[in-house]
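Peer 1: Take a look at query16.txt, compact mmCIF, C-alpha atoms:
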```
# COMPACT_ATOMS: atom_id res chain seq x y z
CA MET D 25 40.21 -58.95 50.45
CA SER D 26 37.19 -57.11 49.09
CA GLU D 27 35.11 -54.92 51.35
CA SER D 28 31.76 -56.38 52.42
CA PRO D 29 28.79 -54.68 50.72
CA ILE D 30 26.73 -52.24 52.72
CA LYS D 31 23.30 -53.71 53.39
CA VAL D 32 20.45 -51.22 52.96
CA LEU D 33 16.74 -51.84 53.54
CA LEU D 34 14.62 -49.76 51.13
CA LEU D 35 11.19 -49.23 52.73
CA ALA D 36 8.66 -48.55 49.97
CA GLY D 37 4.88 -48.35 50.13
CA ARG D 38 2.67 -49.57 47.30
CA PHE D 39 4.47 -49.48 43.99
CA GLU D 40 2.60 -47.40 41.45
CA VAL D 41 3.44 -46.07 38.01
CA ARG D 42 4.80 -42.78 39.30
CA GLY D 43 8.11 -41.03 39.76
CA SER D 44 8.71 -41.94 43.41
CA SER D 45 8.29 -45.65 42.68
CA ALA D 46 10.58 -45.43 39.66
CA ARG D 47 13.25 -43.82 41.84
CA THR D 48 13.20 -46.75 44.26
CA LEU D 49 13.52 -49.27 41.44
CA HIS D 50 16.39 -47.35 39.84
CA LEU D 51 18.21 -47.38 43.18
CA ALA D 52 17.64 -51.11 43.66
CA GLU D 53 18.96 -51.84 40.16
CA ASN D 54 22.07 -49.67 40.32
CA LEU D 55 23.26 -49.56 43.94
CA PRO D 56 25.06 -52.95 43.70
CA GLU D 57 27.54 -51.32 41.30
CA HIS D 58 28.53 -49.05 44.22
CA GLY D 59 29.07 -51.79 46.77
CA ILE D 60 25.55 -51.49 48.21
CA GLN D 61 23.33 -54.54 48.71
CA PRO D 62 19.70 -53.30 48.66
CA ARG D 63 16.64 -55.17 49.83
CA ILE D 64 13.18 -53.78 49.10
CA LEU D 65 10.34 -54.11 51.58
CA CYS D 66 6.99 -52.92 50.23
CA LEU D 67 3.24 -53.16 50.76
CA ASP D 68 2.37 -54.12 47.17
CA ALA D 69 4.38 -54.83 44.02
CA ALA D 70 1.56 -55.65 41.60
CA ARG D 71 2.41 -52.62 39.46
CA VAL D 72 6.03 -53.72 38.96
CA ASP D 73 6.69 -55.61 35.74
CA PRO D 74 7.18 -59.27 36.78
CA GLU D 75 10.30 -59.57 34.61
CA ARG D 76 11.81 -56.49 36.18
CA ARG D 77 10.86 -57.64 39.65
CA LYS D 78 13.09 -60.71 39.27
CA LYS D 79 16.11 -58.40 39.45
CA TYR D 80 15.49 -57.38 43.06
CA GLU D 81 15.56 -58.88 46.50
CA MET D 82 12.01 -57.88 47.40
CA THR D 83 9.69 -58.73 50.29
CA VAL D 84 5.98 -57.89 50.06
CA MET D 85 4.07 -57.60 53.35
CA ARG D 86 0.58 -56.30 52.55
CA MET D 87 -0.63 -56.39 56.14
CA LEU D 88 1.97 -53.96 57.49
CA ASP D 89 -0.44 -51.02 57.25
CA THR D 90 -3.56 -52.93 58.31
CA PRO D 91 -4.94 -51.75 61.68
CA LEU D 92 -5.00 -54.29 64.50
CA VAL D 93 -2.61 -56.74 62.82
CA ASP D 94 0.19 -54.33 61.86
CA ARG D 95 1.93 -54.74 65.23
CA LEU D 96 2.03 -58.50 64.80
CA TYR D 97 3.51 -58.17 61.32
CA ARG D 98 6.10 -55.68 62.56
CA HIS D 99 7.37 -58.30 64.97
CA PHE D 100 7.46 -60.93 62.21
CA LEU D 101 9.56 -58.50 60.19
CA TYR D 102 11.80 -57.73 63.16
CA GLN D 103 12.46 -61.44 63.72
CA ASP D 104 13.31 -61.82 60.03
CA LEU D 105 15.83 -58.97 60.16
CA GLN D 106 17.25 -59.52 63.63
CA ASP D 107 19.92 -62.10 62.74
CA LYS D 108 21.20 -60.16 59.70
CA PRO D 109 20.09 -56.56 60.19
CA PRO D 110 20.72 -53.92 57.52
CA ASP D 111 23.48 -51.40 58.05
CA LEU D 112 21.05 -48.63 57.15
CA ILE D 113 17.30 -48.17 56.62
CA HIS D 114 16.19 -45.88 53.79
CA VAL D 115 12.52 -44.87 53.93
CA GLN D 116 11.39 -44.26 50.35
CA TRP D 117 7.92 -42.93 51.09
CA ARG D 118 6.72 -40.79 54.01
CA GLY D 119 3.89 -43.21 54.74
CA MET D 120 6.49 -45.80 55.77
CA LEU D 121 8.27 -43.44 58.16
CA PRO D 122 6.55 -44.81 61.32
CA LEU D 123 7.73 -48.32 60.43
CA GLY D 124 11.19 -47.00 59.61
CA ARG D 125 11.47 -45.32 63.00
CA TRP D 126 10.24 -48.48 64.76
CA LEU D 127 12.71 -50.74 62.94
CA ALA D 128 15.59 -48.31 63.50
CA LYS D 129 14.89 -48.27 67.24
CA HIS D 130 14.56 -52.04 67.64
CA LEU D 131 17.41 -52.98 65.30
CA GLU D 132 19.55 -50.07 66.55
CA ARG D 133 20.32 -48.93 63.04
CA PRO D 134 20.35 -45.44 61.50
CA TYR D 135 17.75 -44.39 58.96
CA ILE D 136 17.25 -41.73 56.31
CA VAL D 137 14.03 -40.72 54.54
CA THR D 138 13.31 -39.34 51.07
CA VAL D 139 10.63 -36.64 50.71
CA HIS D 140 9.11 -36.28 47.24
CA ASP D 141 6.30 -33.82 47.90
CA TYR D 142 5.02 -31.11 50.19
CA LEU D 143 3.55 -31.56 53.66
CA ASP D 144 -0.09 -30.65 54.11
CA PRO D 145 -0.69 -28.24 57.02
CA GLN D 146 -2.11 -31.08 59.11
CA ASP D 147 0.75 -33.50 58.34
CA ALA D 148 3.16 -34.39 61.12
CA PHE D 149 6.71 -35.14 60.07
CA LYS D 150 8.13 -37.03 63.04
CA PHE D 151 11.85 -37.37 62.50
CA ASP D 152 13.45 -39.29 65.36
CA HIS D 153 16.86 -37.74 65.97
CA HIS D 154 17.97 -40.76 68.01
CA TRP D 155 18.31 -42.84 64.87
CA GLY D 156 17.35 -40.51 62.03
CA ARG D 157 20.40 -39.16 60.22
CA ARG D 158 19.40 -37.43 56.98
CA VAL D 159 16.42 -36.34 54.92
CA ILE D 160 16.69 -36.39 51.12
CA ALA D 161 14.55 -33.82 49.27
CA VAL D 162 13.98 -34.29 45.53
CA SER D 163 14.26 -30.56 44.82
CA ASP D 164 15.38 -27.37 46.51
CA SER D 165 11.75 -26.25 46.59
CA VAL D 166 10.78 -29.36 48.60
CA LYS D 167 13.73 -28.76 50.93
CA GLN D 168 12.87 -25.11 51.59
CA GLU D 169 9.23 -25.85 52.34
CA LEU D 170 10.17 -28.80 54.55
CA LEU D 171 12.53 -26.59 56.57
CA PHE D 172 9.79 -23.97 56.87
CA GLN D 173 7.21 -26.46 58.15
CA THR D 174 9.44 -28.49 60.48
CA LYS D 175 12.19 -27.93 63.02
CA LEU D 176 14.80 -29.74 60.95
CA SER D 177 18.16 -28.05 60.55
CA SER D 178 19.33 -27.30 57.03
CA ASP D 179 22.43 -29.50 57.29
CA ILE D 180 20.26 -32.61 57.81
CA VAL D 181 18.37 -32.11 54.53
CA THR D 182 20.20 -33.00 51.31
CA VAL D 183 18.84 -32.34 47.82
CA ILE D 184 19.26 -35.30 45.44
CA HIS D 185 17.27 -34.91 42.24
CA SER D 186 15.55 -37.93 40.74
CA GLY D 187 17.31 -39.41 37.76
CA VAL D 188 15.72 -40.73 34.59
CA PRO D 189 17.05 -42.86 31.72
CA THR D 190 18.94 -40.79 29.18
CA GLU D 191 20.49 -43.66 27.25
CA ASP D 192 18.71 -46.03 24.88
CA VAL D 193 15.50 -43.98 24.77
CA ASP D 194 13.60 -42.89 21.70
CA GLN D 195 14.99 -39.45 20.85
CA GLY D 196 12.57 -38.81 18.02
CA LEU D 197 11.52 -35.20 17.77
CA PRO D 198 7.82 -34.30 17.48
CA VAL D 199 6.52 -34.36 13.95
CA LEU D 200 3.86 -31.63 14.18
CA ASP D 201 3.38 -31.20 10.43
CA VAL D 202 0.37 -31.16 8.16
CA GLU D 203 0.69 -34.87 7.39
CA HIS D 204 0.63 -35.90 11.05
CA MET D 205 -2.15 -35.97 13.64
CA PRO D 206 -0.56 -34.26 16.69
CA VAL D 207 -0.84 -35.85 20.14
CA VAL D 208 -0.78 -33.74 23.30
CA GLY D 209 -0.56 -35.83 26.42
CA THR D 210 0.08 -36.15 30.12
CA ALA D 211 1.06 -39.08 32.30
CA GLY D 212 1.13 -39.91 35.99
CA PRO D 213 -1.19 -40.92 38.81
CA LEU D 214 -4.75 -39.66 38.26
CA GLU D 215 -5.11 -37.64 41.44
CA ALA D 216 -6.79 -34.31 42.18
CA ALA D 217 -3.47 -32.55 42.81
CA LYS D 218 -2.30 -33.35 39.29
CA GLY D 219 -4.63 -30.72 37.79
CA LEU D 220 -6.10 -32.93 35.08
CA ASP D 221 -9.38 -30.99 35.07
CA PHE D 222 -7.47 -28.05 33.65
CA PHE D 223 -5.74 -30.23 31.08
CA LEU D 224 -9.14 -31.40 29.79
CA ARG D 225 -10.61 -27.89 29.76
CA ALA D 226 -7.56 -26.67 27.87
CA ALA D 227 -7.95 -29.57 25.44
CA ARG D 228 -11.52 -28.50 24.76
CA ILE D 229 -10.39 -24.96 23.96
CA VAL D 230 -7.66 -26.26 21.62
CA ALA D 231 -10.09 -28.61 19.88
CA HIS D 232 -12.27 -25.68 18.78
CA SER D 233 -9.49 -24.34 16.54
CA ARG D 234 -7.51 -27.55 15.99
CA PRO D 235 -9.98 -30.46 15.66
CA ASP D 236 -7.16 -32.63 14.29
CA VAL D 237 -5.34 -32.78 17.67
CA GLN D 238 -5.62 -35.89 19.83
CA PHE D 239 -5.15 -35.93 23.61
CA LEU D 240 -3.77 -38.74 25.71
CA ILE D 241 -3.98 -39.35 29.48
CA ALA D 242 -1.75 -42.19 30.70
CA GLY D 243 -2.08 -43.49 34.26
CA ALA D 244 -4.54 -44.71 36.82
CA GLY D 245 -5.86 -43.50 40.13
CA PRO D 246 -8.86 -42.34 42.13
CA GLU D 247 -9.81 -39.59 39.66
CA GLU D 248 -10.09 -41.84 36.61
CA SER D 249 -13.87 -42.41 36.66
CA ARG D 250 -14.63 -38.74 37.22
CA LEU D 251 -12.22 -37.67 34.46
CA ARG D 252 -13.83 -40.10 32.02
CA ARG D 253 -17.25 -38.61 32.86
CA MET D 254 -15.83 -35.15 32.34
CA VAL D 255 -14.60 -36.12 28.87
CA GLY D 256 -18.14 -37.19 28.01
CA GLU D 257 -19.60 -33.95 29.35
CA LEU D 258 -17.11 -31.97 27.26
CA LYS D 259 -18.12 -34.05 24.21
CA MET D 260 -14.53 -35.08 23.58
CA THR D 261 -14.73 -38.86 23.72
CA GLY D 262 -13.42 -39.09 20.15
CA GLN D 263 -10.35 -36.97 20.91
CA VAL D 264 -9.24 -38.10 24.38
CA THR D 265 -7.69 -41.51 24.96
CA PHE D 266 -7.04 -43.00 28.40
CA VAL D 267 -4.17 -45.47 28.82
CA PRO D 268 -4.45 -47.14 32.25
CA ASN D 269 -2.97 -50.37 33.64
CA VAL D 270 0.57 -50.07 32.34
CA PHE D 271 3.86 -50.96 34.06
CA ASP D 272 5.55 -47.78 32.80
CA PHE D 273 4.84 -44.80 30.56
CA THR D 274 7.38 -45.55 27.85
CA SER D 275 4.92 -46.25 25.02
CA SER D 276 2.65 -43.36 25.99
CA LEU D 277 5.50 -40.85 26.13
CA GLU D 278 6.81 -41.99 22.76
CA ALA D 279 3.34 -41.46 21.26
CA MET D 280 3.17 -37.83 22.41
CA ASP D 281 4.34 -34.80 20.46
CA ILE D 282 3.85 -32.44 23.42
CA PHE D 283 3.88 -33.35 27.12
CA CYS D 284 1.88 -31.38 29.70
CA LEU D 285 2.32 -31.31 33.47
CA PRO D 286 -0.75 -29.41 34.78
CA ALA D 287 -0.11 -30.23 38.47
CA LEU D 288 -1.33 -27.75 41.08
CA LYS D 289 1.92 -28.29 42.98
CA GLN D 290 4.81 -30.58 42.09
CA GLY D 291 7.96 -31.52 43.97
CA LEU D 292 9.96 -32.04 40.78
CA GLY D 293 8.13 -33.98 38.04
CA THR D 294 9.97 -37.21 37.25
CA ILE D 295 7.60 -38.25 34.45
CA MET D 296 8.09 -34.80 32.91
CA LEU D 297 11.85 -35.44 33.01
CA GLU D 298 11.30 -38.75 31.19
CA ALA D 299 9.39 -36.89 28.48
CA MET D 300 12.14 -34.29 28.21
CA ALA D 301 14.75 -37.07 27.92
CA ARG D 302 12.84 -38.14 24.80
CA SER D 303 13.13 -34.61 23.36
CA LYS D 304 9.41 -33.92 23.88
CA PRO D 305 8.65 -30.23 24.40
CA VAL D 306 6.91 -29.77 27.75
CA ILE D 307 4.36 -27.34 29.11
CA ALA D 308 4.26 -27.28 32.90
CA THR D 309 2.74 -25.23 35.68
CA LYS D 310 4.83 -22.83 37.74
CA ALA D 311 4.42 -25.08 40.75
CA GLY D 312 7.00 -26.12 43.30
CA GLY D 313 10.24 -27.47 41.89
CA VAL D 314 9.22 -27.49 38.22
CA ASP D 315 10.79 -24.15 37.36
CA SER D 316 14.18 -25.47 38.49
CA VAL D 317 14.07 -27.60 35.33
CA VAL D 318 11.80 -25.75 32.93
CA ARG D 319 13.02 -22.33 31.87
CA ASP D 320 10.14 -20.64 30.10
CA GLY D 321 10.66 -20.42 26.38
CA GLU D 322 13.97 -22.27 26.53
CA THR D 323 13.68 -25.80 27.97
CA GLY D 324 9.87 -25.76 28.06
CA LEU D 325 6.90 -23.49 28.58
CA LEU D 326 5.44 -22.45 31.94
CA VAL D 327 1.81 -21.64 32.73
CA ALA D 328 -0.09 -20.53 35.79
CA PRO D 329 -1.61 -23.36 37.87
CA SER D 330 -5.34 -23.95 37.35
CA ASP D 331 -5.45 -21.70 34.28
CA ALA D 332 -6.97 -23.68 31.39
CA ASP D 333 -6.89 -20.68 29.03
CA ASP D 334 -3.17 -20.15 29.62
CA LEU D 335 -2.46 -23.85 29.13
CA ALA D 336 -4.51 -23.96 25.91
CA GLY D 337 -2.67 -20.92 24.57
CA ARG D 338 0.72 -22.53 25.14
CA MET D 339 -0.45 -25.77 23.50
CA LEU D 340 -1.50 -23.81 20.42
CA GLU D 341 1.84 -21.95 20.39
CA LEU D 342 3.77 -25.20 20.01
CA LEU D 343 1.26 -26.80 17.66
CA SER D 344 1.51 -23.84 15.30
CA ASP D 345 5.32 -23.61 15.40
CA PRO D 346 6.90 -27.06 14.88
CA ALA D 347 10.44 -25.67 14.54
CA ARG D 348 10.19 -23.95 17.92
CA ALA D 349 8.69 -27.07 19.50
CA ARG D 350 11.61 -29.16 18.24
CA ALA D 351 14.18 -26.65 19.49
CA ILE D 352 12.60 -26.60 22.96
CA GLY D 353 12.52 -30.39 22.95
CA ARG D 354 16.24 -30.60 22.12
CA ARG D 355 17.21 -28.09 24.83
CA GLY D 356 15.02 -29.91 27.34
CA ARG D 357 16.79 -33.16 26.59
CA ASP D 358 20.18 -31.47 27.02
CA ILE D 359 19.39 -30.23 30.54
CA VAL D 360 18.04 -33.62 31.62
CA ALA D 361 21.09 -35.44 30.24
CA GLU D 362 23.32 -33.00 32.11
CA GLN D 363 21.55 -32.66 35.48
CA PHE D 364 19.08 -35.53 35.98
CA ARG D 365 20.94 -38.72 35.20
CA ILE D 366 20.27 -41.97 37.06
CA ASP D 367 23.97 -42.58 37.66
CA THR D 368 24.31 -39.18 39.35
CA MET D 369 21.32 -39.85 41.63
CA VAL D 370 22.65 -43.29 42.57
CA GLN D 371 26.21 -42.04 43.16
CA MET D 372 25.02 -39.21 45.44
CA THR D 373 22.78 -41.62 47.36
CA ALA D 374 25.56 -44.18 47.81
CA ASP D 375 27.92 -41.43 48.99
CA LEU D 376 25.33 -40.32 51.53
CA TYR D 377 24.95 -43.90 52.81
CA ARG D 378 28.70 -44.12 53.35
CA ARG D 379 28.87 -40.79 55.16
CA VAL D 380 26.12 -41.86 57.55
CA ILE D 381 27.72 -45.24 58.24
CA THR D 382 31.15 -43.64 58.73
CA GLU D 383 29.65 -41.23 61.25
CA GLU D 384 28.09 -44.17 63.11
CA ALA D 385 31.41 -46.00 63.26
CA GLU D 386 33.23 -42.91 64.52
CA GLN D 387 30.74 -42.47 67.38
CA GLY D 388 30.98 -46.17 68.22
CA PRO D 389 29.35 -47.49 71.39
CA VAL D 390 27.56 -44.21 72.06
CA ILE D 391 25.28 -44.94 69.12
CA ALA D 392 24.96 -48.65 69.72
CA GLY D 393 23.88 -48.17 73.31
CA ARG D 394 21.43 -45.35 72.71
CA ILE D 395 17.77 -46.00 73.56
CA ALA D 396 15.07 -44.24 71.49
```
Mind turning the file's structure into C-alpha cells?
Peer 2:
Amino acid sequence: MSESPIKVLLLAGRFEVRGSSARTLHLAENLPEHGIQPRILCLDAARVDPERRKKYEMTVMRMLDTPLVDRLYRHFLYQDLQDKPPDLIHVQWRGMLPLGRWLAKHLERPYIVTVHDYLDPQDAFKFDHHWGRRVIAVSDSVKQELLFQTKLSSDIVTVIHSGVPTEDVDQGLPVLDVEHMPVVGTAGPLEAAKGLDFFLRAARIVAHSRPDVQFLIAGAGPEESRLRRMVGELKMTGQVTFVPNVFDFTSSLEAMDIFCLPALKQGLGTIMLEAMARSKPVIATKAGGVDSVVRDGETGLLVAPSDADDLAGRMLELLSDPARARAIGRRGRDIVAEQFRIDTMVQMTADLYRRVITEEAEQGPVIAGRIA
C-alpha cells in the first residue's frame, strides 16, 4: 500500500515576476514527484501565466491583508482547512508570517518560513517556537544576517539555494561582434533597492564611447515612472527599452548579451542565475549573497554598489572582449548547473518537510496538546 502524500500549504503573497515567486511555483510543480501534495494560498495570482496556473491547486484570497476584514477572512480560511488540515504550513514570504503563525496555532500544525532578503532595522521577525520549526534562508549571507538580527539559533536556520531551469533553455552565447548591436540588460522588480539609477547612469557613460549599444530593463514596479523620466533626462530614449507586463523574463534574458544586477543589497539573485543558466556573462554588485555565486573575473564580474563609473567600466570590458565574455558566460552556466538546480532545491525542501513531520510524530501528544 502506497504511503499517503504529505499535504503542505504554501502561503504566498502577491505573485510577481521575481525570484521569490518563481521559487514557489517551482516547488508547487515539482513537489508531487517527492510524495508531497502542495496547495498554494496567495493574495493575488494575476502575474502567473493562466496556462501555468492550471497546473496548481491554488486559492486566491485578496482580502486576507485588508484591515478590518482580514480577521473575518482568516476564519473563512480556517473553516475551509479545518476538516482536512495540511500536515505542514510553509510560509513563502515574510509578509504572510502572521497568517502562518495564526493558522499553525489554530490548526495545531507546524510551520516553516523562507527568508529571501534582509531584515530592515525596524522589522520584527516574530518566529513562534510553539509551532515554528525551521527557517529556510536562500543564501548563507541571508542566514548570517538573520542570526545577527534575531535570537534564532543556528540549527533552526537551513540554507537552501533557489534553483533555476538548467535544461531546455537557450544556451546561445553572446554575439558581441561588429555585425551585431549589443544589448546590455537587467531584469527584476523595479524597486529602489535594485539600484537601477546606477544602471542607467552607467549606460549613459557607456553610450558616449559605444553609441551602438542598446540597454534593456525588463520588469515592473513602483520605480518604473521615475526611471522612464530619468531616461528622458539622460537623453537616452532611443537606447533604453522597457519591457513591463510579462509573465516571465525568458524572452528578455535571451535578447541580452550581458546581464547586470546593480542591486544595493541582494539575498542571492535568482534572475541573475537564470541569465547565467543561459550562458550570459553577468556583472553584479558585491552585495549580500551575490559573491557566493559570482567569482570576479571567473563566473562573472563584480562591482561596488552604487558606483556607476565602476559598472560602466566593467560593461565596456566585456563589450570590447567578446572571447572573454563568452568564456565567463560558459563558466557561469557551469556553476549554476552544478549548484543551483531546481531538482536540488526541491529535494532539499522535501527532505526538510519529512524531518519536521518525523519530529512531530516522535513527540506525539506533547505537540498536539500544546497551546500557543
Peer 1: Which residue is closest to D:Val159? Choose from D:Leu143, D:Arg118, D:Glu191, D:Arg378 and count only C-alpha atoms.
Peer 2: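 Ranking D:Leu143, D:Arg118, D:Glu191, D:Arg378 by distance to D:Val159, first place goes to D:Arg118.
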Peer 1: For a quick check of your reading of the model, name the residues lying within 12 Å of the coordinate (1.9, -35.8, 24.7), counting all atoms listed in the file, and write them as a VMD selection string.
Peer 2: chain D and resid 197 to 200 205 to 211 223 227 237 to 242 264 to 265 273 to 285 295 to 296 298 to 300 302 to 307 339 342 to 343
Peer 1: Please list as an MDAnalysis selection string every residue within 12 Å of D:Pro56, counting only C-alpha atoms and excluding residues in the same chain fewer than 6 positions away.
Peer 2: chainID D and resid 28:32 50 62:63 79:81 370:371 374
Peer 1: Within 12 Å of D:Asp334, counting all atoms listed in the file, which residues qualify if same-chain residues fewer than 3 places away don't, as a list in words?
Peer 2: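 Neighbouring residues, sequence-local ones excluded: Phe222, Phe223, Arg225, Ala226, Ala227, Ile229, Val230, Pro286, Ile307, Ala308, Thr309, Lys310, Leu325, Leu326, Val327, Ala328, Pro329, Ser330, Asp331, Gly337, Arg338, Met339, Leu340 and Glu341 of chain D.
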Peer 1: Please work out which residues fall within 12 Å of (11.6, -25.7, 56.2), coordinates as given in the file, with all atoms listed in the file counting, and return them as a PyMOL selection string.
Peer 2: chain D and resi 142-143+149+159+161+164-181
Peer 1: Could you complete stretch 29-42 of chain D so that it carries N, CA and C atoms, and give it back as a PDB file, keeping the file's coordinate frame?
Peer 2:
```pdb
ATOM      1  N   PRO D  29      29.761 -55.687  51.181  1.00  0.00           N
ATOM      2  CA  PRO D  29      28.790 -54.680  50.720  1.00  0.00           C
ATOM      3  C   PRO D  29      27.994 -54.112  51.883  1.00  0.00           C
ATOM      4  N   ILE D  30      27.594 -52.882  51.732  1.00  0.00           N
ATOM      5  CA  ILE D  30      26.730 -52.240  52.720  1.00  0.00           C
ATOM      6  C   ILE D  30      25.306 -52.718  52.481  1.00  0.00           C
ATOM      7  N   LYS D  31      24.664 -53.198  53.515  1.00  0.00           N
ATOM      8  CA  LYS D  31      23.300 -53.710  53.390  1.00  0.00           C
ATOM      9  C   LYS D  31      22.313 -52.586  53.731  1.00  0.00           C
ATOM     10  N   VAL D  32      21.423 -52.295  52.772  1.00  0.00           N
ATOM     11  CA  VAL D  32      20.450 -51.220  52.960  1.00  0.00           C
ATOM     12  C   VAL D  32      19.040 -51.766  52.732  1.00  0.00           C
ATOM     13  N   LEU D  33      18.152 -51.475  53.679  1.00  0.00           N
ATOM     14  CA  LEU D  33      16.740 -51.840  53.540  1.00  0.00           C
ATOM     15  C   LEU D  33      15.993 -50.643  52.960  1.00  0.00           C
ATOM     16  N   LEU D  34      15.408 -50.815  51.779  1.00  0.00           N
ATOM     17  CA  LEU D  34      14.620 -49.760  51.130  1.00  0.00           C
ATOM     18  C   LEU D  34      13.151 -49.982  51.492  1.00  0.00           C
ATOM     19  N   LEU D  35      12.588 -49.101  52.291  1.00  0.00           N
ATOM     20  CA  LEU D  35      11.190 -49.230  52.730  1.00  0.00           C
ATOM     21  C   LEU D  35      10.297 -48.453  51.771  1.00  0.00           C
ATOM     22  N   ALA D  36       9.577 -49.180  50.926  1.00  0.00           N
ATOM     23  CA  ALA D  36       8.660 -48.550  49.970  1.00  0.00           C
ATOM     24  C   ALA D  36       7.222 -48.831  50.407  1.00  0.00           C
ATOM     25  N   GLY D  37       6.294 -48.100  49.849  1.00  0.00           N
ATOM     26  CA  GLY D  37       4.880 -48.350  50.130  1.00  0.00           C
ATOM     27  C   GLY D  37       4.312 -49.279  49.078  1.00  0.00           C
ATOM     28  N   ARG D  38       3.247 -48.831  48.421  1.00  0.00           N
ATOM     29  CA  ARG D  38       2.670 -49.570  47.300  1.00  0.00           C
ATOM     30  C   ARG D  38       3.285 -49.041  46.004  1.00  0.00           C
ATOM     31  N   PHE D  39       3.896 -49.925  45.255  1.00  0.00           N
ATOM     32  CA  PHE D  39       4.470 -49.480  43.990  1.00  0.00           C
ATOM     33  C   PHE D  39       3.359 -49.091  43.031  1.00  0.00           C
ATOM     34  N   GLU D  40       3.525 -47.913  42.441  1.00  0.00           N
ATOM     35  CA  GLU D  40       2.600 -47.400  41.450  1.00  0.00           C
ATOM     36  C   GLU D  40       3.419 -46.911  40.266  1.00  0.00           C
ATOM     37  N   VAL D  41       2.742 -46.615  39.176  1.00  0.00           N
ATOM     38  CA  VAL D  41       3.440 -46.070  38.010  1.00  0.00           C
ATOM     39  C   VAL D  41       3.541 -44.566  38.225  1.00  0.00           C
ATOM     40  N   ARG D  42       4.568 -44.179  38.941  1.00  0.00           N
ATOM     41  CA  ARG D  42       4.800 -42.780  39.300  1.00  0.00           C
ATOM     42  C   ARG D  42       6.285 -42.586  39.574  1.00  0.00           C
TER      43      ARG D  42
END
```
